[in-house]
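Here is the structure we will look at.
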Amino acid sequence: ADIISTVEFNHTGELLATGDKGGRVVIFQQEVENKNLPQFRSEYNVYSTFQSHEPEFDYLKSLEIEEKINKIRWLPQKNAAQFLLSTNDKTIKLWKISERDKRPEGYNLKEEDGRYRDPNTITALRVPVLIPMDLMVEASPRRVFSNAHTYHINSVSVNSDDETYLSADDLRINLWNLEITDRSFNIVDIKPANMEELTEVITAAEFHPHQCNTFVYSSSKGTIRLCDMRASALCDKHSKLFEEPENPSNRSFFSEIISSISDVKFSHNGRYLMTRDYLSVKIWDLNMENRPVETYQVHEYLRNKLCSLYENDCIFDKFECCWNGNDSVVMTGSYNNFFRMFERGQRRDATLEASRENSKPLQVLKPRKVCTGGKRKKDEISVDSLDFNKKILHTAWHPQDNIIAVATTNNLYIFQDKVN
Amino acid sequence: MILKGQKRKLEPEDREASDRSSPTWESQRQFVFSVSLNKYQRGQELPEPSLRRSVLIANTLRQIALEKHGEWPRDSALMSGEPATPPTNRSPSEDEDWGSAESDFSLSAAISSILTALDSTIDGAPQAALRTPLRSLENLPESAGDVAKPGYVNDVNMEDLFQEVDASLLGRVGYPAEEELVCYLPPFSSASSNFKCLPSFSSFSPLSSSSSPDSASFSGPNQSREAFELEHLMEILVES
C-alpha cells in the first residue's frame with residue numbers, strides 16, 4: 001500500500017505531492033531558509049498526509065474499485081490555501097489544504113476545553129482573541145466528481161482558464177467545471193458502437209498550458225491527437241494528428257505494444273509536446289505532425305529482449321516523463337532504478353540511479369552505464385543483470401530550480417543540482 | 001553473453017531469425033501466439049481486466065493471425081533486431097518440452113494449417129468492459145449452434161474452453177510423441193469457410209457441454225466441427 005503511484009510539484013515548487021496505492025496523499029514542503037547561502041540545499045519535509053480515496057465496491061458490477069491514486073494535479077494558487085485534484089480509477093476529488101496557526105481564546109460561554117459555562121457565573125463580557133498555536137495543516141475534500149467514467153481514469157489536467165479541467169479514461173474524455181460536481185461534458189468518445197471493433201484506447205490527455213481551447217490525447221497505437229474545443233462540442237475529429245511512420249526494419253510482433261504512448265506532456269512554453277513510448281522519448285513540434293523533431297532512446301538495449309519483456313509483462317509498464325523548468329532537459333525513468341535525462345540543446349544524456357546502496361545523502365550521483373556488448377567495463381551493468389522489478393515510473397521536475405523527485409517502488413528520492 | 005557470477009534475469013535472445021520461413025521464426029511466432037492467448041485469458045479472469053492491456057494483446061494475436069494469411073509486408077526483415085527465443089532455451093517457467101527439431105516442424109505445420117483454415121475477417125475485441133457476472137449468467141444461449149451472438153455470451157463459453165485448456169496444461173507436462181500430435185489433426189480436406197479468425201473471440205461458436213476434448217471423431221454440422229477444431233488447436237498447443 002506504500003507503492004508510490006504519482007508525484008507532482010505544485011506551480012511554485014514549494015510543495016511536492018505524492019499519491020500511493022493505498023489511496024493516501026503525502027505532501028512535502030520545501031524548507032526555504034538560508035536560500036541565499038552558497039551551500040544552500042533544499043530539504044523537503046512532510047507537510048501534510050491524508051487519506052484521499054478509500055476502496056469502494058461497485059454493487060452493480062460486483063467489482064471493487066481500487067483506491068490507488070492515479071494522478072495528482074495542483075491548481076494554481078489563488079489565496080492562502082492550496083488546492084489539488086486527486087483521482088483514482090473512477091472518482092476525482094478536489095482537496096483544500098490550508099494552514100492554521102492561530103486559535104481563538106477567551107470565549108464567553110465556553111471554557112477553554114469546550115465545556116459550556118454556567119450562564120449564572122458569567123458577570124463580564126470579553127472579546128475572544130486569536131493566539132498563536134503550533135502550525136496545523138488541514139486537508140478537506142471540497143468537491144467530489146464521481147460517476148462520470150465507465151472505464152479507468154488515466155489522466156486529469158487543469159485548464160489554463162482556472163475554471164475547468166479534463167479527466168480521461170480508456171475511451172472517453174470529460175470536461176468538468178471545478179465548481180460543478182453533478183455534471184460533466186463528454187468531449188471525446190472513441191468507444192465503437194460494437195465493442196468487438198475496439199482496437200485503440202486513450203492512454204493520456206493534457207490541456208495546453210496557455211491555450212484554454214486546446215488539448216491533446218495519446219493512444220495505445222502511438223498516435224497523438226490535438227483537439228480544439230472551439231471547433232465542435234464533441235472533439236472526436238482531431239485538428240492535428242501526430243504520428244510517425246513506422247520504421248519497417250524494426251517491425252516485430254511487439255511493434256504496436258511498444259509504440260503505445262504511456263505519457264504525454266506539453267512543454268512549459270507550449271510549443272512542443274513530449275511523448276513516452278516503451279523504448280523512447282519523442283519531442284514533437286506542434287506545427288509538424290508527420291514526425292517528431294527529436295527522439296531519444298531510453299533503453300534501446302531492451303529492443304531484442306521484447307519477447308521476454310512481453311512474457312513477464314514488463315512491456316506493459318507505463319513510464320512517465322517530464323520537462324525541466326525552461327524546457328531544455330527532459331527526464332524519464334527506466335529499470336533497475338535507473339532514470340534518464342536528455343539535454344536537448346547539448347545532445348547530452350545521462351543515466352542515473354536512485355538507490356540507497358549506491359548513493360548517500362549529499363553525495364554526487366555517479367552516472368551509470370548499461371553494457372550491451374560482450375566485454376563489460378568496470379562499473380558497467382550488463383543488460384542481463386538489470387532488475388526489472390525495480391522500475392522508476394514516476395518522476396517530476398521542480399518548475400524553476402534543478403530539483404527533481406524520483407519515485408522508486410516504495411521510496412521517494414529528491415535530488416538537487418550540485419551547488420559550487 | 002551471460003557473465004560468470006551474474007544472475008541471469010532475462011532470457012538471452014541471441015539468435016536472429018531474419019528469414020520468416022525459418023524454424024526459429026516459426027517457433028517464436030507460435031510462442032508469442034500461445035503466450036498471448038494465455039495472457040489474454042488470464043487477464044479476462046481478473047475481476048477488472050485492464051482494457052489497454054486486453055486491447056494490446058488482442059491486437060498482437062490478430063497480427064499473428066493476419067501474418068499467417070500473408071498480409072505481412074513481404075520485404076520487411078521482420079525479425080531483424082528481434083531474435084527469436086530458441087525452443088531449447090526455454091525459460092524455467094515453461095514446462096513444455098519442445099523436443100527435436102522434427103517435432104517442431106510437424107507442430108508448425110499443424111498450427112499453420114489450422115490458422116490458414118480460419119477466416120481472415122477480424123472482429124475480435126476484449127469484452128472486458130461490457131462483461132458483468134450477472135449478465136453473462138442470464139444470457140447463456142439455448143442452442144449450441146449460435147455463432148452470431150456477439151460479446152459476452154460467447155465469452156462465457158470461451159471461458160469454459162480455456163478452463164479446460166488450463167487444467168490440461170497442468171496435467172500434461174512434457175507430453176511426448178509427434179505421432180500422437182499428428183493423429184489429433186483434424187482433416188482439412190473439407191471446406192472450412194465458416195471459421196472465424198482466432199482472435200475474434202466473440203465469434204467462436206459456443207461449445208456444447210457434451211463435446212469432450214478427447215473426442216476424435218467428426219460428426220454433425222459445421223459448427224460442432226468448428227468447436228472441435230478449436231479444441232484440437234488448443235490441445236496441440238498444450239501438448240507441444
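By convention in this document, the chains of the C-alpha cells carry letters A, B, ... by their order, each chain's residues are numbered from 1, and ligands are numbered from 1 in the order they are shown.
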
Exercise. Hey, list the chain A side of the contact with chain B: 8 Å cut-off, only C-alpha atoms, answer as a PyMOL selection string.
Key: chain A and resi 61-64+151+170+195-201+203+220+248-254+256-257+303-308+311+316+373-374+384-387

Mind dumping the selected residues with N, CA, C and O atoms as a short mmCIF file (atom, residue, chain, number, x, y, z; two decimals), in the first residue's frame?
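Final output, saved to out-v7.cif:
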data_model
loop_
_atom_site.label_atom_id
_atom_site.label_comp_id
_atom_site.auth_asym_id
_atom_site.auth_seq_id
_atom_site.Cartn_x
_atom_site.Cartn_y
_atom_site.Cartn_z
N LYS A 61 -21.83 -3.84 -10.55
CA LYS A 61 -20.95 -4.68 -11.36
C LYS A 61 -20.21 -5.71 -10.54
O LYS A 61 -19.40 -6.47 -11.07
N SER A 62 -20.44 -5.72 -9.22
CA SER A 62 -19.71 -6.63 -8.34
C SER A 62 -18.21 -6.48 -8.50
O SER A 62 -17.49 -7.46 -8.62
N LEU A 63 -17.74 -5.25 -8.54
CA LEU A 63 -16.32 -5.02 -8.72
C LEU A 63 -15.81 -4.11 -7.63
O LEU A 63 -16.49 -3.16 -7.24
N GLU A 64 -14.59 -4.39 -7.19
CA GLU A 64 -14.01 -3.47 -6.22
C GLU A 64 -13.28 -2.37 -6.97
O GLU A 64 -12.59 -2.63 -7.97
N TYR A 151 -14.83 3.60 -17.57
CA TYR A 151 -13.54 2.94 -17.66
C TYR A 151 -12.57 3.60 -16.70
O TYR A 151 -12.90 4.55 -16.02
N ASP A 170 -10.09 5.21 -20.53
CA ASP A 170 -9.62 4.47 -21.70
C ASP A 170 -10.33 4.85 -22.99
O ASP A 170 -9.77 4.73 -24.08
N MET A 195 -18.28 -3.14 -29.48
CA MET A 195 -17.02 -3.25 -28.73
C MET A 195 -16.06 -4.24 -29.36
O MET A 195 -14.86 -4.22 -29.08
N GLU A 196 -16.57 -5.10 -30.22
CA GLU A 196 -15.68 -6.05 -30.89
C GLU A 196 -14.73 -5.34 -31.83
O GLU A 196 -13.71 -5.90 -32.21
N GLU A 197 -15.09 -4.13 -32.23
CA GLU A 197 -14.22 -3.41 -33.15
C GLU A 197 -13.19 -2.55 -32.44
O GLU A 197 -12.46 -1.80 -33.07
N LEU A 198 -13.12 -2.67 -31.15
CA LEU A 198 -12.20 -1.82 -30.39
C LEU A 198 -10.76 -2.27 -30.61
O LEU A 198 -10.41 -3.41 -30.36
N THR A 199 -9.93 -1.35 -31.09
CA THR A 199 -8.52 -1.70 -31.27
C THR A 199 -7.58 -0.66 -30.67
O THR A 199 -6.37 -0.82 -30.73
N GLU A 200 -8.16 0.41 -30.14
CA GLU A 200 -7.31 1.50 -29.68
C GLU A 200 -7.93 2.13 -28.43
O GLU A 200 -9.16 2.28 -28.38
N VAL A 201 -7.10 2.48 -27.45
CA VAL A 201 -7.63 3.14 -26.27
C VAL A 201 -6.84 4.44 -26.02
O VAL A 201 -5.74 4.61 -26.53
N THR A 203 -4.61 6.75 -23.77
CA THR A 203 -3.66 6.45 -22.72
C THR A 203 -3.31 7.66 -21.85
O THR A 203 -2.92 7.50 -20.70
N SER A 220 -3.05 4.06 -27.61
CA SER A 220 -2.26 2.85 -27.48
C SER A 220 -1.62 2.47 -28.81
O SER A 220 -0.81 1.54 -28.86
N PRO A 248 10.28 0.24 -41.01
CA PRO A 248 9.99 -1.16 -41.37
C PRO A 248 11.06 -2.13 -40.89
O PRO A 248 10.76 -3.30 -40.62
N SER A 249 12.27 -1.68 -40.72
CA SER A 249 13.30 -2.61 -40.29
C SER A 249 13.17 -2.98 -38.83
O SER A 249 13.75 -3.95 -38.37
N ASN A 250 12.37 -2.22 -38.08
CA ASN A 250 12.18 -2.52 -36.67
C ASN A 250 10.91 -3.27 -36.38
O ASN A 250 10.55 -3.50 -35.24
N ARG A 251 10.21 -3.63 -37.46
CA ARG A 251 8.90 -4.24 -37.28
C ARG A 251 9.01 -5.59 -36.59
O ARG A 251 9.86 -6.41 -36.89
N SER A 252 8.11 -5.83 -35.63
CA SER A 252 8.07 -7.13 -34.96
C SER A 252 6.66 -7.35 -34.46
O SER A 252 5.79 -6.51 -34.64
N PHE A 253 6.46 -8.46 -33.80
CA PHE A 253 5.14 -8.73 -33.21
C PHE A 253 4.77 -7.69 -32.18
O PHE A 253 3.62 -7.49 -31.88
N PHE A 254 5.81 -7.09 -31.60
CA PHE A 254 5.56 -6.20 -30.47
C PHE A 254 5.57 -4.73 -30.86
O PHE A 254 5.53 -3.87 -30.00
N GLU A 256 3.39 -2.79 -32.09
CA GLU A 256 2.28 -1.95 -31.64
C GLU A 256 2.35 -1.72 -30.14
O GLU A 256 2.14 -0.60 -29.68
N ILE A 257 2.68 -2.78 -29.41
CA ILE A 257 2.71 -2.62 -27.96
C ILE A 257 3.76 -1.60 -27.54
O ILE A 257 3.51 -0.77 -26.66
N ARG A 303 15.51 -3.66 -26.89
CA ARG A 303 14.77 -3.95 -28.11
C ARG A 303 14.81 -5.43 -28.48
O ARG A 303 13.82 -5.99 -28.96
N ASN A 304 15.95 -6.09 -28.26
CA ASN A 304 15.94 -7.51 -28.59
C ASN A 304 15.65 -8.38 -27.38
O ASN A 304 15.98 -9.55 -27.35
N LYS A 305 15.03 -7.80 -26.39
CA LYS A 305 14.54 -8.57 -25.25
C LYS A 305 13.03 -8.52 -25.18
O LYS A 305 12.42 -8.93 -24.18
N LEU A 306 12.42 -7.97 -26.20
CA LEU A 306 10.99 -7.68 -26.12
C LEU A 306 10.16 -8.92 -25.86
O LEU A 306 9.12 -8.86 -25.19
N CYS A 307 10.62 -10.05 -26.39
CA CYS A 307 9.83 -11.27 -26.20
C CYS A 307 9.74 -11.62 -24.72
O CYS A 307 8.67 -11.92 -24.20
N SER A 308 10.88 -11.56 -24.05
CA SER A 308 10.86 -11.86 -22.61
C SER A 308 10.11 -10.81 -21.83
O SER A 308 9.40 -11.11 -20.87
N GLU A 311 6.61 -11.55 -22.05
CA GLU A 311 6.26 -12.69 -21.22
C GLU A 311 6.09 -12.30 -19.76
O GLU A 311 5.17 -12.75 -19.09
N PHE A 316 4.27 -3.84 -20.64
CA PHE A 316 3.08 -3.03 -20.43
C PHE A 316 3.29 -1.91 -19.41
O PHE A 316 2.37 -1.16 -19.12
N GLY A 373 27.41 -5.06 -25.02
CA GLY A 373 28.32 -5.96 -25.73
C GLY A 373 28.83 -7.05 -24.82
O GLY A 373 28.40 -7.22 -23.68
N GLY A 374 29.77 -7.80 -25.30
CA GLY A 374 30.28 -8.92 -24.52
C GLY A 374 31.17 -8.47 -23.39
O GLY A 374 31.13 -8.99 -22.28
N ASP A 384 21.67 -8.25 -18.71
CA ASP A 384 21.11 -9.42 -18.04
C ASP A 384 21.03 -9.25 -16.53
O ASP A 384 20.32 -10.00 -15.86
N SER A 385 21.78 -8.30 -16.00
CA SER A 385 21.75 -8.12 -14.54
C SER A 385 20.74 -7.08 -14.10
O SER A 385 20.60 -6.83 -12.91
N LEU A 386 20.07 -6.48 -15.06
CA LEU A 386 19.12 -5.44 -14.68
C LEU A 386 17.96 -6.04 -13.90
O LEU A 386 17.46 -7.12 -14.24
N ASP A 387 17.54 -5.34 -12.89
CA ASP A 387 16.41 -5.80 -12.11
C ASP A 387 15.15 -5.14 -12.65
O ASP A 387 14.98 -3.92 -12.51
#

Self-check item: Residues near region 350-356 of chain A, cut-off 7 Å, only C-alpha atoms, skip fewer than 6 positions along chain, as a list in words
Solution: Asn337, Phe338, Phe339, Arg340, Met341, Phe342, Leu365, Lys366, Pro367, Arg368, Lys369 and Tyr413 of chain A

Selection from above, all heavy atoms, as an mmCIF file, in the first residue's frame, can you write it?
data_model
loop_
_atom_site.group_PDB
_atom_site.id
_atom_site.type_symbol
_atom_site.label_atom_id
_atom_site.label_comp_id
_atom_site.auth_asym_id
_atom_site.auth_seq_id
_atom_site.Cartn_x
_atom_site.Cartn_y
_atom_site.Cartn_z
ATOM 1 N N ASN A 337 16.041 0.822 -11.226
ATOM 2 C CA ASN A 337 16.059 2.120 -10.527
ATOM 3 C C ASN A 337 16.909 3.159 -11.241
ATOM 4 O O ASN A 337 17.430 4.087 -10.628
ATOM 5 C CB ASN A 337 16.531 1.973 -9.077
ATOM 6 C CG ASN A 337 15.425 1.438 -8.187
ATOM 7 O OD1 ASN A 337 14.251 1.439 -8.571
ATOM 8 N ND2 ASN A 337 15.795 0.984 -7.014
ATOM 9 N N PHE A 338 17.048 2.974 -12.553
ATOM 10 C CA PHE A 338 17.740 3.983 -13.348
ATOM 11 C C PHE A 338 16.732 5.008 -13.845
ATOM 12 O O PHE A 338 15.575 4.695 -14.100
ATOM 13 C CB PHE A 338 18.413 3.349 -14.567
ATOM 14 C CG PHE A 338 19.640 2.547 -14.233
ATOM 15 C CD1 PHE A 338 20.255 1.788 -15.214
ATOM 16 C CD2 PHE A 338 20.184 2.539 -12.973
ATOM 17 C CE1 PHE A 338 21.391 1.042 -14.941
ATOM 18 C CE2 PHE A 338 21.315 1.791 -12.676
ATOM 19 C CZ PHE A 338 21.916 1.038 -13.671
ATOM 20 N N PHE A 339 17.207 6.223 -13.998
ATOM 21 C CA PHE A 339 16.401 7.211 -14.701
ATOM 22 C C PHE A 339 17.319 7.966 -15.652
ATOM 23 O O PHE A 339 18.531 8.023 -15.451
ATOM 24 C CB PHE A 339 15.663 8.145 -13.736
ATOM 25 C CG PHE A 339 16.530 8.906 -12.765
ATOM 26 C CD1 PHE A 339 16.850 10.231 -13.010
ATOM 27 C CD2 PHE A 339 16.973 8.316 -11.594
ATOM 28 C CE1 PHE A 339 17.624 10.954 -12.107
ATOM 29 C CE2 PHE A 339 17.743 9.020 -10.686
ATOM 30 C CZ PHE A 339 18.075 10.340 -10.945
ATOM 31 N N ARG A 340 16.707 8.510 -16.684
ATOM 32 C CA ARG A 340 17.495 9.079 -17.773
ATOM 33 C C ARG A 340 17.146 10.550 -17.952
ATOM 34 O O ARG A 340 15.997 10.949 -17.839
ATOM 35 C CB ARG A 340 17.182 8.332 -19.065
ATOM 36 C CG ARG A 340 17.478 6.843 -18.992
ATOM 37 C CD ARG A 340 18.853 6.512 -19.522
ATOM 38 N NE ARG A 340 18.909 6.532 -20.970
ATOM 39 C CZ ARG A 340 19.947 7.037 -21.656
ATOM 40 N NH1 ARG A 340 20.952 7.580 -21.034
ATOM 41 N NH2 ARG A 340 19.946 6.991 -22.974
ATOM 42 N N MET A 341 18.181 11.329 -18.267
ATOM 43 C CA MET A 341 17.962 12.750 -18.572
ATOM 44 C C MET A 341 18.547 13.041 -19.939
ATOM 45 O O MET A 341 19.649 12.578 -20.244
ATOM 46 C CB MET A 341 18.695 13.617 -17.554
ATOM 47 C CG MET A 341 18.035 13.704 -16.239
ATOM 48 S SD MET A 341 18.813 15.037 -15.340
ATOM 49 C CE MET A 341 18.355 14.579 -13.713
ATOM 50 N N PHE A 342 17.843 13.803 -20.718
ATOM 51 C CA PHE A 342 18.324 14.154 -22.049
ATOM 52 C C PHE A 342 18.376 15.668 -22.158
ATOM 53 O O PHE A 342 17.363 16.352 -22.019
ATOM 54 C CB PHE A 342 17.384 13.588 -23.121
ATOM 55 C CG PHE A 342 17.242 12.098 -23.054
ATOM 56 C CD1 PHE A 342 16.172 11.531 -22.388
ATOM 57 C CD2 PHE A 342 18.184 11.261 -23.635
ATOM 58 C CE1 PHE A 342 16.038 10.151 -22.304
ATOM 59 C CE2 PHE A 342 18.060 9.890 -23.556
ATOM 60 C CZ PHE A 342 16.984 9.337 -22.888
ATOM 61 N N LEU A 365 25.709 12.071 -7.569
ATOM 62 C CA LEU A 365 25.335 10.833 -8.247
ATOM 63 C C LEU A 365 26.332 10.511 -9.344
ATOM 64 O O LEU A 365 26.719 11.377 -10.117
ATOM 65 C CB LEU A 365 23.945 10.980 -8.871
ATOM 66 C CG LEU A 365 22.750 10.869 -7.941
ATOM 67 C CD1 LEU A 365 21.486 11.067 -8.740
ATOM 68 C CD2 LEU A 365 22.730 9.536 -7.236
ATOM 69 N N LYS A 366 26.668 9.248 -9.402
ATOM 70 C CA LYS A 366 27.600 8.805 -10.426
ATOM 71 C C LYS A 366 26.802 8.368 -11.645
ATOM 72 O O LYS A 366 25.830 7.631 -11.504
ATOM 73 C CB LYS A 366 28.375 7.612 -9.874
ATOM 74 C CG LYS A 366 29.804 7.529 -10.304
ATOM 75 C CD LYS A 366 30.525 6.412 -9.573
ATOM 76 C CE LYS A 366 29.678 5.172 -9.373
ATOM 77 N NZ LYS A 366 30.469 4.079 -8.795
ATOM 78 N N PRO A 367 27.217 8.770 -12.813
ATOM 79 C CA PRO A 367 26.494 8.286 -13.997
ATOM 80 C C PRO A 367 26.656 6.785 -14.146
ATOM 81 O O PRO A 367 27.716 6.235 -13.843
ATOM 82 C CB PRO A 367 27.173 9.017 -15.166
ATOM 83 C CG PRO A 367 27.979 10.095 -14.557
ATOM 84 C CD PRO A 367 28.294 9.701 -13.162
ATOM 85 N N ARG A 368 25.605 6.127 -14.596
ATOM 86 C CA ARG A 368 25.627 4.686 -14.765
ATOM 87 C C ARG A 368 25.659 4.352 -16.239
ATOM 88 O O ARG A 368 25.288 5.171 -17.081
ATOM 89 C CB ARG A 368 24.367 4.071 -14.139
ATOM 90 C CG ARG A 368 24.047 4.600 -12.766
ATOM 91 C CD ARG A 368 25.004 4.119 -11.734
ATOM 92 N NE ARG A 368 24.925 2.679 -11.611
ATOM 93 C CZ ARG A 368 25.791 1.959 -10.924
ATOM 94 N NH1 ARG A 368 26.788 2.533 -10.330
ATOM 95 N NH2 ARG A 368 25.650 0.655 -10.853
ATOM 96 N N LYS A 369 26.087 3.155 -16.533
ATOM 97 C CA LYS A 369 26.110 2.759 -17.930
ATOM 98 C C LYS A 369 25.711 1.295 -18.032
ATOM 99 O O LYS A 369 26.152 0.461 -17.253
ATOM 100 C CB LYS A 369 27.519 2.963 -18.501
ATOM 101 C CG LYS A 369 27.546 2.888 -20.014
ATOM 102 C CD LYS A 369 28.638 3.751 -20.613
ATOM 103 C CE LYS A 369 29.035 3.283 -21.997
ATOM 104 N NZ LYS A 369 27.923 3.169 -22.939
ATOM 105 N N TYR A 413 12.883 9.797 -3.877
ATOM 106 C CA TYR A 413 14.201 10.421 -3.817
ATOM 107 C C TYR A 413 14.091 11.835 -4.336
ATOM 108 O O TYR A 413 13.438 12.098 -5.339
ATOM 109 C CB TYR A 413 15.198 9.653 -4.687
ATOM 110 C CG TYR A 413 15.543 8.282 -4.167
ATOM 111 C CD1 TYR A 413 14.694 7.207 -4.376
ATOM 112 C CD2 TYR A 413 16.729 8.066 -3.469
ATOM 113 C CE1 TYR A 413 15.007 5.958 -3.893
ATOM 114 C CE2 TYR A 413 17.049 6.808 -2.994
ATOM 115 C CZ TYR A 413 16.182 5.756 -3.203
ATOM 116 O OH TYR A 413 16.500 4.516 -2.733
#

Practice problem: Please run DSSP on the backbone and report, as a PyMOL selection string, all residues within region 210-338 of chain A that come out as strand (DSSP E or B). | Solution: chain A and resi 214-219+224-228+240-242+263-266+272-276+280-285+294-297+321-323+329-333+335+338

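Between CA of Ile315 (chain A) and CA of Met288 (chain A) the separation is 28.6 Å.
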